[in-house]
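Next comes structure_28.txt, a file with compact mmCIF, C-alpha atoms.
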```
# COMPACT_ATOMS: atom_id res chain seq x y z
CA MET A 1 -6.83 -72.59 -37.30
CA THR A 2 -9.98 -71.42 -35.57
CA ALA A 3 -8.05 -70.74 -32.37
CA SER A 4 -5.54 -68.54 -34.16
CA LEU A 5 -8.37 -66.70 -35.93
CA VAL A 6 -10.10 -66.06 -32.63
CA GLY A 7 -6.78 -64.95 -31.14
CA GLU A 8 -6.16 -62.52 -34.01
CA LEU A 9 -9.68 -61.20 -33.74
CA GLY A 10 -9.23 -60.75 -30.00
CA SER A 11 -5.99 -58.85 -30.38
CA ALA A 12 -7.53 -56.68 -33.15
CA ILE A 13 -10.43 -55.80 -30.86
CA LYS A 14 -8.03 -55.13 -28.00
CA ASP A 15 -6.01 -52.82 -30.24
CA ARG A 16 -9.13 -50.91 -31.27
CA PHE A 17 -10.65 -50.46 -27.82
CA VAL A 18 -9.06 -49.07 -24.70
CA PHE A 19 -10.32 -49.32 -21.20
CA GLN A 20 -12.31 -46.43 -19.77
CA ASN A 21 -10.12 -45.98 -16.72
CA GLN A 22 -7.07 -45.74 -18.98
CA LEU A 23 -8.81 -43.00 -20.97
CA VAL A 24 -9.80 -41.15 -17.84
CA GLN A 25 -6.22 -41.27 -16.56
CA GLU A 26 -4.90 -40.07 -19.89
CA ASN A 27 -7.47 -37.30 -19.95
CA GLN A 28 -6.50 -36.12 -16.46
CA LEU A 29 -2.83 -36.18 -17.39
CA LEU A 30 -3.46 -34.13 -20.53
CA LYS A 31 -5.58 -31.64 -18.62
CA ALA A 32 -2.84 -31.20 -16.04
CA GLN A 33 -0.26 -30.78 -18.81
CA SER A 34 -2.49 -28.28 -20.58
CA SER A 35 -2.91 -26.10 -17.49
CA THR A 36 0.86 -26.26 -16.83
CA ASN A 37 1.49 -25.22 -20.44
CA GLN A 38 -0.94 -22.34 -20.16
CA LEU A 39 0.79 -21.10 -17.02
CA GLU A 40 4.15 -21.41 -18.75
CA LEU A 41 2.78 -19.51 -21.74
CA LEU A 42 1.55 -16.71 -19.49
CA ARG A 43 4.94 -16.56 -17.77
CA LEU A 44 6.73 -16.39 -21.11
CA LYS A 45 4.42 -13.63 -22.35
CA GLU A 46 5.09 -11.67 -19.18
CA LEU A 47 8.84 -12.17 -19.65
CA GLU A 48 8.56 -11.09 -23.28
CA ASN A 49 6.76 -7.88 -22.26
CA GLU A 50 9.32 -7.18 -19.55
CA ASN A 51 12.14 -7.82 -22.01
CA ALA A 52 10.66 -5.36 -24.48
CA ARG A 53 10.21 -2.73 -21.76
CA LEU A 54 13.75 -3.15 -20.46
CA ARG A 55 15.18 -3.06 -24.00
CA GLN A 56 13.36 0.21 -24.57
CA ALA A 57 14.63 1.46 -21.21
CA LEU A 58 18.22 0.57 -22.10
CA ASN A 59 17.96 2.44 -25.40
CA PHE A 60 16.52 5.42 -23.54
CA GLN A 61 19.34 5.42 -21.00
CA GLN A 62 21.98 5.37 -23.74
CA SER A 63 20.32 8.21 -25.64
CA THR A 64 20.11 10.71 -22.76
CA PRO A 65 22.88 12.85 -21.27
CA TRP A 66 21.49 12.48 -17.74
CA LYS A 67 22.46 10.10 -14.99
CA LEU A 68 19.39 7.94 -14.53
CA LYS A 69 18.28 5.19 -12.19
CA LEU A 70 15.68 2.64 -13.21
CA ALA A 71 13.23 1.71 -10.46
CA ARG A 72 10.34 -0.67 -10.18
CA VAL A 73 6.91 0.41 -8.95
CA ILE A 74 6.14 -1.61 -5.81
CA ALA A 75 2.91 -0.02 -4.59
CA ARG A 76 0.33 2.54 -5.61
CA GLU A 77 -1.64 5.09 -3.64
CA PRO A 78 -4.64 3.37 -2.01
CA SER A 79 -6.66 6.52 -1.26
CA ASN A 80 -8.65 8.64 -3.69
CA TRP A 81 -7.21 12.06 -2.79
CA TRP A 82 -3.56 11.71 -3.73
CA ARG A 83 -1.60 10.54 -6.75
CA MET A 84 1.45 8.64 -5.62
CA ILE A 85 3.49 5.55 -6.41
CA MET A 86 6.10 3.81 -4.31
CA ILE A 87 9.34 2.67 -5.97
CA ASP A 88 12.03 0.20 -4.94
CA ALA A 89 14.93 2.70 -4.99
CA GLY A 90 15.92 4.77 -1.99
CA SER A 91 18.83 6.71 -0.56
CA SER A 92 21.06 3.64 -0.94
CA SER A 93 20.69 4.07 -4.73
CA GLY A 94 21.40 7.80 -4.62
CA VAL A 95 17.78 8.90 -4.72
CA GLN A 96 17.04 12.23 -3.04
CA PRO A 97 13.87 14.25 -2.47
CA ASN A 98 12.67 16.49 -5.33
CA GLN A 99 14.45 14.55 -8.07
CA PRO A 100 12.35 14.37 -11.25
CA VAL A 101 10.81 11.01 -12.16
CA LEU A 102 10.45 10.11 -15.82
CA ALA A 103 8.90 7.59 -18.14
CA THR A 104 9.84 6.83 -21.72
CA LEU A 105 7.65 7.39 -24.73
CA GLY A 106 10.27 7.74 -27.41
CA GLU A 107 11.37 10.82 -25.46
CA ALA A 108 11.66 11.68 -21.76
CA VAL A 109 8.23 12.23 -20.23
CA LEU A 110 7.93 13.84 -16.79
CA ILE A 111 5.55 11.99 -14.48
CA GLY A 112 6.35 13.48 -11.06
CA ARG A 113 8.96 14.06 -8.41
CA VAL A 114 10.43 12.17 -5.46
CA LEU A 115 8.74 13.30 -2.25
CA GLU A 116 10.00 11.05 0.54
CA VAL A 117 13.06 8.81 0.59
CA SER A 118 13.93 5.96 2.90
CA LYS A 119 16.91 3.64 2.54
CA TRP A 120 15.35 1.13 0.14
CA LYS A 121 12.22 2.79 -1.19
CA SER A 122 10.81 6.18 -2.10
CA LYS A 123 7.46 7.85 -2.53
CA VAL A 124 6.90 9.62 -5.83
CA VAL A 125 4.14 12.22 -6.20
CA LEU A 126 2.66 12.22 -9.65
CA MET A 127 1.56 15.16 -11.71
CA GLY A 128 -2.02 15.96 -10.82
CA ASP A 129 -1.30 15.73 -7.10
CA PRO A 130 -1.42 19.02 -5.14
CA ASN A 131 2.13 18.26 -3.91
CA CYS A 132 3.50 18.31 -7.45
CA LEU A 133 3.28 21.68 -9.19
CA VAL A 134 5.34 21.97 -12.35
CA SER A 135 6.35 25.05 -14.26
CA ALA A 136 5.48 24.38 -17.92
CA VAL A 137 5.62 26.00 -21.33
CA VAL A 138 3.50 25.49 -24.44
CA SER A 139 5.86 24.64 -27.25
CA GLU A 140 3.96 26.37 -30.08
CA THR A 141 3.09 29.67 -28.36
CA ARG A 142 5.88 29.80 -25.74
CA SER A 143 3.29 30.80 -23.13
CA SER A 144 4.23 29.53 -19.70
CA GLY A 145 2.14 28.46 -16.72
CA VAL A 146 1.89 26.04 -13.86
CA ILE A 147 0.65 22.44 -14.04
CA GLN A 148 -1.90 21.95 -11.25
CA PRO A 149 -4.35 19.21 -10.25
CA MET A 150 -7.89 19.28 -11.60
CA GLU A 151 -9.56 18.48 -8.28
CA ALA A 152 -9.35 15.87 -5.55
CA SER A 153 -10.28 12.41 -6.72
CA SER A 154 -10.62 13.54 -10.30
CA LEU A 155 -12.00 10.54 -12.15
CA ASP A 156 -9.61 11.06 -15.03
CA PRO A 157 -6.04 10.33 -13.86
CA THR A 158 -4.41 11.80 -16.96
CA SER A 159 -6.11 15.18 -16.89
CA VAL A 160 -4.45 18.25 -15.31
CA ARG A 161 -4.78 22.03 -15.46
CA LEU A 162 -2.25 24.45 -16.93
CA SER A 163 -2.97 27.63 -14.97
CA TYR A 164 -1.75 31.23 -14.83
CA LEU A 165 -0.83 31.17 -18.50
CA SER A 166 1.14 34.09 -19.84
CA GLY A 167 1.50 34.87 -23.53
CA GLY A 168 -1.15 37.43 -24.39
CA GLN A 169 -3.89 36.74 -26.91
CA GLN A 170 -2.37 33.79 -28.72
CA PRO A 171 -4.97 31.01 -28.90
CA LEU A 172 -4.17 27.66 -27.37
CA LEU A 173 -5.29 24.97 -29.75
CA PRO A 174 -5.87 21.32 -28.95
CA GLY A 175 -2.82 19.22 -29.69
CA TYR A 176 -0.24 21.83 -28.73
CA ARG A 177 2.59 20.18 -26.83
CA VAL A 178 3.50 21.11 -23.25
CA TYR A 179 7.03 20.80 -21.86
CA THR A 180 8.75 21.70 -18.61
CA SER A 181 10.02 25.27 -18.73
CA GLY A 182 12.94 24.80 -16.34
CA MET A 183 11.82 27.65 -14.11
CA GLY A 184 12.16 26.91 -10.42
CA SER A 185 15.18 24.70 -11.19
CA MET A 186 13.54 21.55 -9.85
CA PHE A 187 12.85 20.09 -13.30
CA PRO A 188 15.18 20.52 -16.28
CA PRO A 189 13.64 22.24 -19.32
CA GLY A 190 12.36 20.22 -22.26
CA LEU A 191 10.76 17.27 -20.52
CA TYR A 192 7.55 16.34 -22.29
CA ILE A 193 4.39 16.60 -20.18
CA GLY A 194 1.40 16.21 -22.49
CA THR A 195 -0.84 17.94 -24.99
CA ILE A 196 -3.44 20.66 -24.66
CA GLU A 197 -7.00 19.39 -24.85
CA GLU A 198 -8.98 22.57 -24.50
CA SER A 199 -8.50 26.20 -23.56
CA ILE A 200 -10.49 27.56 -20.60
CA GLU A 201 -11.08 31.11 -19.42
CA GLY A 202 -9.55 31.55 -15.93
CA GLU A 203 -11.37 32.85 -12.87
CA TYR A 204 -12.83 36.37 -13.43
CA GLY A 205 -11.20 36.33 -16.87
CA LEU A 206 -7.89 37.43 -15.41
CA HIS A 207 -5.79 34.71 -16.97
CA LYS A 208 -6.05 31.84 -19.37
CA GLU A 209 -6.07 28.18 -18.43
CA ALA A 210 -5.92 24.96 -20.38
CA ARG A 211 -6.84 21.38 -19.75
CA VAL A 212 -3.81 19.21 -20.47
CA ARG A 213 -3.87 15.51 -21.27
CA LEU A 214 -0.78 13.90 -19.69
CA ALA A 215 1.32 11.83 -22.07
CA VAL A 216 1.46 8.85 -19.72
CA ASP A 217 -0.95 7.37 -17.20
CA ALA A 218 1.59 6.87 -14.42
CA ASN A 219 -0.75 4.53 -12.57
CA LEU A 220 -0.13 1.92 -15.24
CA LEU A 221 3.65 2.12 -15.23
CA GLU A 222 5.72 -0.74 -13.88
CA GLU A 223 9.15 0.87 -14.20
CA VAL A 224 10.16 4.52 -13.94
CA TRP A 225 13.38 6.52 -14.25
CA ILE A 226 14.75 8.79 -11.58
CA LEU A 227 16.83 11.64 -12.86
CA LEU A 228 19.77 11.62 -10.45
CA GLN A 229 21.82 14.37 -12.12
CA MET B 1 -3.42 -20.07 21.72
CA MET B 2 -6.85 -19.76 20.13
CA ARG B 3 -6.88 -16.06 20.82
CA HIS B 4 -3.50 -15.76 19.12
CA LYS B 5 -4.90 -17.59 16.12
CA ASN B 6 -7.80 -15.13 15.91
CA ILE B 7 -5.40 -12.21 16.01
CA LEU B 8 -3.10 -13.82 13.46
CA ILE B 9 -5.98 -14.36 11.04
CA LEU B 10 -7.22 -10.79 11.50
CA LEU B 11 -3.75 -9.33 10.90
CA LEU B 12 -3.16 -11.57 7.90
CA VAL B 13 -6.44 -10.51 6.29
CA CYS B 14 -5.57 -6.90 7.12
CA VAL B 15 -2.24 -7.16 5.29
CA LEU B 16 -3.89 -8.92 2.32
CA VAL B 17 -6.53 -6.21 2.07
CA ILE B 18 -3.93 -3.42 2.04
CA TRP B 19 -1.76 -5.31 -0.44
CA PHE B 20 -4.75 -5.70 -2.76
CA GLN B 21 -5.55 -2.01 -2.53
CA THR B 22 -2.00 -0.86 -3.17
CA TRP B 23 -1.36 -3.17 -6.06
CA PHE B 24 -4.48 -3.77 -8.16
CA GLN B 25 -5.49 -0.85 -10.30
CA TRP B 26 -8.32 -2.33 -12.34
CA PRO B 27 -11.11 -1.01 -10.05
CA HIS B 28 -9.63 2.47 -10.48
CA GLN B 29 -9.39 2.04 -14.23
CA LEU B 30 -12.97 0.75 -14.38
CA LEU B 31 -14.77 3.11 -11.97
CA GLY B 32 -12.34 5.99 -11.50
CA VAL B 33 -12.39 5.19 -7.77
CA ARG B 34 -9.91 3.26 -5.64
CA LEU B 35 -11.97 0.80 -3.65
CA ASP B 36 -11.39 0.46 0.07
CA ILE B 37 -11.92 -2.95 1.68
CA LEU B 38 -10.57 -2.01 5.11
CA PRO B 39 -13.86 -0.47 6.40
CA ALA B 40 -15.66 -3.76 5.69
CA LEU B 41 -13.08 -5.65 7.77
CA VAL B 42 -13.35 -3.08 10.55
CA LEU B 43 -17.14 -3.37 10.48
CA TYR B 44 -16.84 -7.14 10.89
CA CYS B 45 -14.61 -6.62 13.91
CA ALA B 46 -16.97 -4.01 15.37
CA LEU B 47 -19.91 -6.39 15.04
CA PHE B 48 -18.38 -9.73 15.94
CA ARG B 49 -15.04 -9.36 17.71
CA SER B 50 -13.80 -8.04 21.03
CA TRP B 51 -12.79 -4.41 21.49
CA ARG B 52 -9.11 -5.46 21.69
CA GLU B 53 -9.27 -7.09 18.28
CA LEU B 54 -11.19 -4.11 16.89
CA PHE B 55 -8.55 -1.73 18.22
CA LEU B 56 -5.78 -3.91 16.79
CA VAL B 57 -7.30 -4.06 13.30
CA CYS B 58 -8.06 -0.31 13.27
CA THR B 59 -4.55 0.56 14.41
CA ALA B 60 -2.59 -1.93 12.31
CA GLY B 61 -4.78 -1.51 9.23
CA GLY B 62 -4.87 2.27 9.51
CA TYR B 63 -1.12 2.65 9.97
CA LEU B 64 -0.37 0.20 7.16
CA TYR B 65 -2.78 2.05 4.88
CA ASP B 66 -1.26 5.44 5.71
CA SER B 67 2.30 4.17 5.29
CA PHE B 68 1.48 3.28 1.67
CA SER B 69 -0.27 6.60 1.16
CA LEU B 70 0.49 10.31 1.30
CA ASN B 71 -1.87 10.59 4.26
CA PRO B 72 -0.16 11.69 7.47
CA LEU B 73 0.37 8.64 9.68
CA GLY B 74 -2.61 7.99 11.94
CA VAL B 75 -5.32 9.81 9.98
CA THR B 76 -7.02 6.63 8.76
CA THR B 77 -6.61 4.93 12.14
CA LEU B 78 -8.47 7.76 13.85
CA SER B 79 -11.34 7.67 11.34
CA LEU B 80 -11.66 3.91 11.61
CA LEU B 81 -11.54 3.96 15.41
CA LEU B 82 -14.12 6.71 15.80
CA ILE B 83 -16.71 5.20 13.45
CA SER B 84 -16.21 1.59 14.48
CA TYR B 85 -16.40 2.44 18.18
CA VAL B 86 -19.92 3.80 17.70
CA VAL B 87 -20.95 0.57 15.93
CA TYR B 88 -19.25 -1.55 18.60
CA ARG B 89 -20.90 0.44 21.39
CA TYR B 90 -24.44 -0.11 20.05
CA ARG B 91 -24.09 -3.53 18.49
CA LYS B 92 -26.13 -5.10 21.28
CA VAL B 93 -29.22 -3.20 20.22
CA ILE B 94 -29.09 -3.93 16.50
CA LEU B 95 -29.77 -7.09 14.53
CA TYR B 96 -26.15 -7.32 13.59
CA LYS B 97 -26.39 -10.85 12.22
CA ALA B 98 -28.95 -9.82 9.61
CA VAL B 99 -27.46 -9.34 6.17
CA TRP B 100 -29.47 -6.19 5.48
CA VAL B 101 -28.17 -4.60 8.68
CA GLN B 102 -24.61 -5.43 7.69
CA THR B 103 -25.27 -3.97 4.24
CA PHE B 104 -26.75 -0.76 5.67
CA LEU B 105 -23.93 -0.34 8.19
CA GLY B 106 -21.45 -1.14 5.41
CA PHE B 107 -22.82 1.73 3.34
CA LEU B 108 -22.59 4.13 6.29
CA ILE B 109 -19.06 3.14 7.29
CA GLY B 110 -17.97 3.11 3.62
CA VAL B 111 -18.98 6.77 3.29
CA LEU B 112 -18.16 8.05 6.77
CA VAL B 113 -14.60 6.72 7.08
CA PRO B 114 -13.25 8.43 3.92
CA LEU B 115 -15.32 11.54 4.70
CA LEU B 116 -13.78 11.82 8.15
CA THR B 117 -10.31 11.20 6.71
CA LEU B 118 -10.85 13.91 4.12
CA LEU B 119 -12.05 16.36 6.77
CA GLN B 120 -8.86 15.75 8.72
CA LEU B 121 -6.80 16.31 5.57
CA THR B 122 -8.35 19.73 4.92
CA GLY B 123 -6.27 21.04 7.84
CA LEU B 124 -3.02 20.18 6.07
CA GLU B 125 -0.74 22.72 4.43
CA VAL B 126 -1.15 21.01 1.07
CA ALA B 127 -4.69 19.67 1.11
CA PRO B 128 -6.58 17.73 -1.55
CA LYS B 129 -8.75 19.94 -3.71
CA MET B 130 -12.47 19.28 -3.30
CA GLY B 131 -14.79 18.88 -6.25
CA TRP B 132 -18.10 17.47 -7.38
CA SER B 133 -16.49 14.19 -8.36
CA LEU B 134 -16.28 13.45 -4.62
CA LEU B 135 -20.00 12.65 -4.71
CA TRP B 136 -19.33 9.87 -7.17
CA VAL B 137 -16.37 8.66 -5.10
CA PHE B 138 -18.40 8.51 -1.89
CA SER B 139 -21.33 6.81 -3.64
CA VAL B 140 -19.11 4.12 -5.10
CA LEU B 141 -17.24 3.62 -1.82
CA GLY B 142 -20.51 3.37 0.10
CA MET B 143 -22.08 0.91 -2.30
CA PHE B 144 -18.93 -1.18 -2.51
CA THR B 145 -18.59 -1.42 1.29
CA ALA B 146 -22.33 -2.19 1.53
CA LEU B 147 -21.82 -5.18 -0.77
CA ALA B 148 -18.47 -6.17 0.67
CA SER B 149 -19.51 -6.14 4.34
CA PRO B 150 -21.80 -9.24 4.41
CA LEU B 151 -19.25 -11.02 2.23
CA MET B 152 -16.47 -10.07 4.60
CA VAL B 153 -18.51 -11.29 7.58
CA TRP B 154 -19.10 -14.62 5.83
CA VAL B 155 -15.43 -15.04 4.85
CA MET B 156 -14.11 -14.06 8.27
CA GLU B 157 -16.58 -16.27 10.13
CA TYR B 158 -15.59 -19.14 7.86
CA LEU B 159 -11.88 -18.53 8.52
CA MET B 160 -12.44 -18.19 12.26
CA HIS B 161 -14.51 -21.34 12.45
CA LYS B 162 -12.06 -23.26 10.32
CA TYR B 163 -8.75 -22.15 11.79
CA ALA B 164 -9.58 -20.74 15.22
CA GLU B 165 -12.39 -20.98 17.71
CA PRO B 166 -15.35 -18.72 17.12
CA GLY B 167 -15.52 -15.72 19.43
CA LYS B 168 -17.23 -16.51 22.68
CA GLY B 169 -19.94 -14.43 24.26
CA LEU B 170 -20.38 -12.24 21.23
CA PHE B 171 -23.64 -13.65 19.94
CA LEU B 172 -25.84 -11.99 22.48
CA LYS B 173 -29.19 -12.71 20.91
CA GLU B 174 -30.59 -14.61 17.99
CA GLU B 175 -31.48 -12.74 14.85
CA GLY B 176 -35.03 -11.37 14.87
CA LYS B 177 -35.69 -12.61 18.40
CA ILE B 178 -36.70 -9.93 20.87
CA LEU B 179 -36.23 -10.87 24.47
CA ARG B 180 -39.14 -9.67 26.57
CA ARG B 181 -39.34 -9.56 30.29
CA GLU B 182 -42.12 -11.72 31.64
CA SER B 183 -44.84 -9.65 33.29
```

For the file at hand, write its structure as structure tokens.
Amino acid sequence: MTASLVGELGSAIKDRFVFQNQLVQENQLLKAQSSTNQLELLRLKELENENARLRQALNFQQSTPWKLKLARVIAREPSNWWRMIMIDAGSSSGVQPNQPVLATLGEAVLIGRVLEVSKWKSKVVLMGDPNCLVSAVVSETRSSGVIQPMEASSLDPTSVRLSYLSGGQQPLLPGYRVYTSGMGSMFPPGLYIGTIEESIEGEYGLHKEARVRLAVDANLLEEVWILLQ
Amino acid sequence: MMRHKNILILLLVCVLVIWFQTWFQWPHQLLGVRLDILPALVLYCALFRSWRELFLVCTAGGYLYDSFSLNPLGVTTLSLLLISYVVYRYRKVILYKAVWVQTFLGFLIGVLVPLLTLLQLTGLEVAPKMGWSLLWVFSVLGMFTALASPLMVWVMEYLMHKYAEPGKGLFLKEEGKILRRES
């Protein structure tokens, strides 16, 4: 009787308490599992974001009349004087110099042009670089000008200048939308560029200028579209 | 074999540095300036390595940098070579193992290398447009290289000691010790 009572008590105590080394092992296992799960969660979030971006890209491709090529950004300009990205599409994908490069923001947004092409990759100069001058028009006033860089190593990557503006005395108000004008035949007309932030008097008061906020910060893009035709 | 290991480590770090600069954008988002780690690596080579290794890092690093950039090929290499040669030439007469010396030289090389590159670029048909924001860019680059240089020296020395033999005959005098001729 006493022996069975002691036995029961012993097993009850054994059930209640676990050995320290067992707990430590369990703890290590759970920690390892937790870190694996966190990594998996991060991977899934990344996949979810990519999925959303590609879905948006697919919708964009179906809604435009142009022949487009989706490319991934593989490197970005390391120096402070130029604005450039490198993409993973080259002449083998039909990419040629001077083709417009776009991003999507509900509509086609111009971000730059192809500068150099090799077989598998290309260099794209972004708006705001001295190698990428774009003929533009203000939608509300129809005054046209040229998109130029602010200055070398401008600290704001989405700020450019709309210079040599025509269009007389019509005021340029903040928020007016700027599109490509199609002049020069490098870029088709109607590609969205950005909005006017402020109007500036040009040098010696000979012409008007405006500071334009680009619609997209191309340095943050992971995929871009090349307008093939 | 050991020499090959040194070179391999230097080239590997060179590639990693360029990869970091061409991929990570958060320093640019944060400061408005793209940070340059290559001058810190070149300074390490100028202070601690042989002229062959210095030449290799300047050439390989410079060409790799320019191939990912709109710079004409060779512009960065020339800037790195010119500045680092001066440091290499006079390293015997400076306390190059002192952290403050590395920091000071880091600041100088961090400002002079991009300045020299920019001066070369002004001769191009389409040149970058200068502006006052360049002062901020050079200040940040100088301060960053000043901080990065002692760190780079520490990391590289650690890697060299761990995976290859430390350079021989480079430590010409102890820090702070002035050798005087007995009268």

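Going from atom CA of Ala215 of chain A over to atom CA of Val134 of chain A, you cover 14.6 Å.
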
Sel. within 12 Å of pt (-26.8, -3.5, 6.7), counting only C-alpha atoms, output as number ranges by chain: B: 40, 43-44, 47, 87, 94-110, 142-143, 145-151, 153

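Close contacts of segment 56-65 of chain B, defined as residues with an atom at most 7 Å away when counting all atoms listed in the file, with chain neighbours fewer than 4 positions off set aside, comprise Leu10, Leu11, Cys14, Ile18, Val42, Arg52, Ser69, Leu73, Gly74, Thr76, Thr77, Leu80 and Leu81 of chain B.
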
Can I get the selection written as an mmCIF file, keeping the file's coordinate frame, with C-alpha atoms?
```cif
data_model
loop_
_atom_site.group_PDB
_atom_site.id
_atom_site.type_symbol
_atom_site.label_atom_id
_atom_site.label_comp_id
_atom_site.auth_asym_id
_atom_site.auth_seq_id
_atom_site.Cartn_x
_atom_site.Cartn_y
_atom_site.Cartn_z
ATOM 1 C CA LEU B 10 -7.220 -10.790 11.500
ATOM 2 C CA LEU B 11 -3.750 -9.330 10.900
ATOM 3 C CA CYS B 14 -5.570 -6.900 7.120
ATOM 4 C CA ILE B 18 -3.930 -3.420 2.040
ATOM 5 C CA VAL B 42 -13.350 -3.080 10.550
ATOM 6 C CA ARG B 52 -9.110 -5.460 21.690
ATOM 7 C CA SER B 69 -0.270 6.600 1.160
ATOM 8 C CA LEU B 73 0.370 8.640 9.680
ATOM 9 C CA GLY B 74 -2.610 7.990 11.940
ATOM 10 C CA THR B 76 -7.020 6.630 8.760
ATOM 11 C CA THR B 77 -6.610 4.930 12.140
ATOM 12 C CA LEU B 80 -11.660 3.910 11.610
ATOM 13 C CA LEU B 81 -11.540 3.960 15.410
#
```

Residues of chain A within 9 Å of chain B, counting all atoms listed in the file, as a PyMOL selection string: chain A and resi 74-86+123+125+129-131+149-157+219-220

Could you save those same residues with C-alpha atoms as a short mmCIF file (atom, residue, chain, number, x, y, z; two decimals), keeping the file's coordinate frame?
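Produced file result.cif, reproduced below:
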```
data_model
loop_
_atom_site.label_atom_id
_atom_site.label_comp_id
_atom_site.auth_asym_id
_atom_site.auth_seq_id
_atom_site.Cartn_x
_atom_site.Cartn_y
_atom_site.Cartn_z
CA ILE A 74 6.14 -1.61 -5.81
CA ALA A 75 2.91 -0.02 -4.59
CA ARG A 76 0.33 2.54 -5.61
CA GLU A 77 -1.64 5.09 -3.64
CA PRO A 78 -4.64 3.37 -2.01
CA SER A 79 -6.66 6.52 -1.26
CA ASN A 80 -8.65 8.64 -3.69
CA TRP A 81 -7.21 12.06 -2.79
CA TRP A 82 -3.56 11.71 -3.73
CA ARG A 83 -1.60 10.54 -6.75
CA MET A 84 1.45 8.64 -5.62
CA ILE A 85 3.49 5.55 -6.41
CA MET A 86 6.10 3.81 -4.31
CA LYS A 123 7.46 7.85 -2.53
CA VAL A 125 4.14 12.22 -6.20
CA ASP A 129 -1.30 15.73 -7.10
CA PRO A 130 -1.42 19.02 -5.14
CA ASN A 131 2.13 18.26 -3.91
CA PRO A 149 -4.35 19.21 -10.25
CA MET A 150 -7.89 19.28 -11.60
CA GLU A 151 -9.56 18.48 -8.28
CA ALA A 152 -9.35 15.87 -5.55
CA SER A 153 -10.28 12.41 -6.72
CA SER A 154 -10.62 13.54 -10.30
CA LEU A 155 -12.00 10.54 -12.15
CA ASP A 156 -9.61 11.06 -15.03
CA PRO A 157 -6.04 10.33 -13.86
CA ASN A 219 -0.75 4.53 -12.57
CA LEU A 220 -0.13 1.92 -15.24
#
```

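Taking atom CA of Gly112 of chain A and atom CA of Gly128 of chain A as the two end points, the separation is 8.7 Å.
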
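Residue nearest Gly175 of chain A, chosen from A:Arg213, A:Lys121, A:Arg161, A:Arg142 and counting only C-alpha atoms: A:Arg213.
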
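For the set A:Lys69, A:Arg16, A:Arg53, A:Lys31, the residue with the smallest atom-to-atom gap to Trp225 of chain A is A:Lys69, counting all atoms listed in the file.
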
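Of note, atom CA of Ser159 of chain A and atom CA of Ile37 of chain B are spaced 26.6 Å apart.
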
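Closest approach to Thr104 of chain A among A:Ser144, A:Gln56, A:Asn21, A:Ser122 is made by A:Gln56 (distances from only C-alpha atoms).
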
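You can rank A:Lys119, A:Phe17, A:Glu8, A:Leu102 by their closest distance to Leu221 of chain A using all atoms listed in the file, and at the top of that list sits A:Leu102.
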
Nearby residues, (9.0, 12.8, -25.7) file frame, 7 Å, only C-alpha atoms, as number ranges by chain: A: 105-109, 192

Since the input lacks some atoms of segment 218-229 of chain A, please model N, CA and C atoms and print them as a PDB file, in the coordinates of the input.
```
ATOM      1  N   ALA A 218       0.536   7.416 -15.294  1.00  0.00           N
ATOM      2  CA  ALA A 218       1.590   6.870 -14.420  1.00  0.00           C
ATOM      3  C   ALA A 218       1.102   5.734 -13.532  1.00  0.00           C
ATOM      4  N   ASN A 219      -0.210   5.631 -13.381  1.00  0.00           N
ATOM      5  CA  ASN A 219      -0.750   4.530 -12.570  1.00  0.00           C
ATOM      6  C   ASN A 219      -0.541   3.176 -13.223  1.00  0.00           C
ATOM      7  N   LEU A 220      -0.288   3.197 -14.527  1.00  0.00           N
ATOM      8  CA  LEU A 220      -0.130   1.920 -15.240  1.00  0.00           C
ATOM      9  C   LEU A 220       1.328   1.530 -15.421  1.00  0.00           C
ATOM     10  N   LEU A 221       2.231   2.408 -15.002  1.00  0.00           N
ATOM     11  CA  LEU A 221       3.650   2.120 -15.230  1.00  0.00           C
ATOM     12  C   LEU A 221       4.166   1.042 -14.272  1.00  0.00           C
ATOM     13  N   GLU A 222       5.105   0.266 -14.750  1.00  0.00           N
ATOM     14  CA  GLU A 222       5.720  -0.740 -13.880  1.00  0.00           C
ATOM     15  C   GLU A 222       7.169  -0.388 -13.556  1.00  0.00           C
ATOM     16  N   GLU A 223       7.799   0.373 -14.468  1.00  0.00           N
ATOM     17  CA  GLU A 223       9.150   0.870 -14.200  1.00  0.00           C
ATOM     18  C   GLU A 223       9.205   2.371 -14.486  1.00  0.00           C
ATOM     19  N   VAL A 224       9.982   3.087 -13.706  1.00  0.00           N
ATOM     20  CA  VAL A 224      10.160   4.520 -13.940  1.00  0.00           C
ATOM     21  C   VAL A 224      11.650   4.860 -13.829  1.00  0.00           C
ATOM     22  N   TRP A 225      11.998   6.040 -14.328  1.00  0.00           N
ATOM     23  CA  TRP A 225      13.380   6.520 -14.250  1.00  0.00           C
ATOM     24  C   TRP A 225      13.472   7.657 -13.268  1.00  0.00           C
ATOM     25  N   ILE A 226      14.508   7.636 -12.460  1.00  0.00           N
ATOM     26  CA  ILE A 226      14.750   8.790 -11.580  1.00  0.00           C
ATOM     27  C   ILE A 226      15.937   9.533 -12.134  1.00  0.00           C
ATOM     28  N   LEU A 227      15.745  10.804 -12.317  1.00  0.00           N
ATOM     29  CA  LEU A 227      16.830  11.640 -12.860  1.00  0.00           C
ATOM     30  C   LEU A 227      17.736  12.052 -11.697  1.00  0.00           C
ATOM     31  N   LEU A 228      18.880  11.377 -11.588  1.00  0.00           N
ATOM     32  CA  LEU A 228      19.770  11.620 -10.450  1.00  0.00           C
ATOM     33  C   LEU A 228      20.562  12.919 -10.623  1.00  0.00           C
ATOM     34  N   GLN A 229      21.052  13.138 -11.851  1.00  0.00           N
ATOM     35  CA  GLN A 229      21.820  14.370 -12.120  1.00  0.00           C
ATOM     36  C   GLN A 229      21.492  14.913 -13.496  1.00  0.00           C
TER      37      GLN A 229
END
```
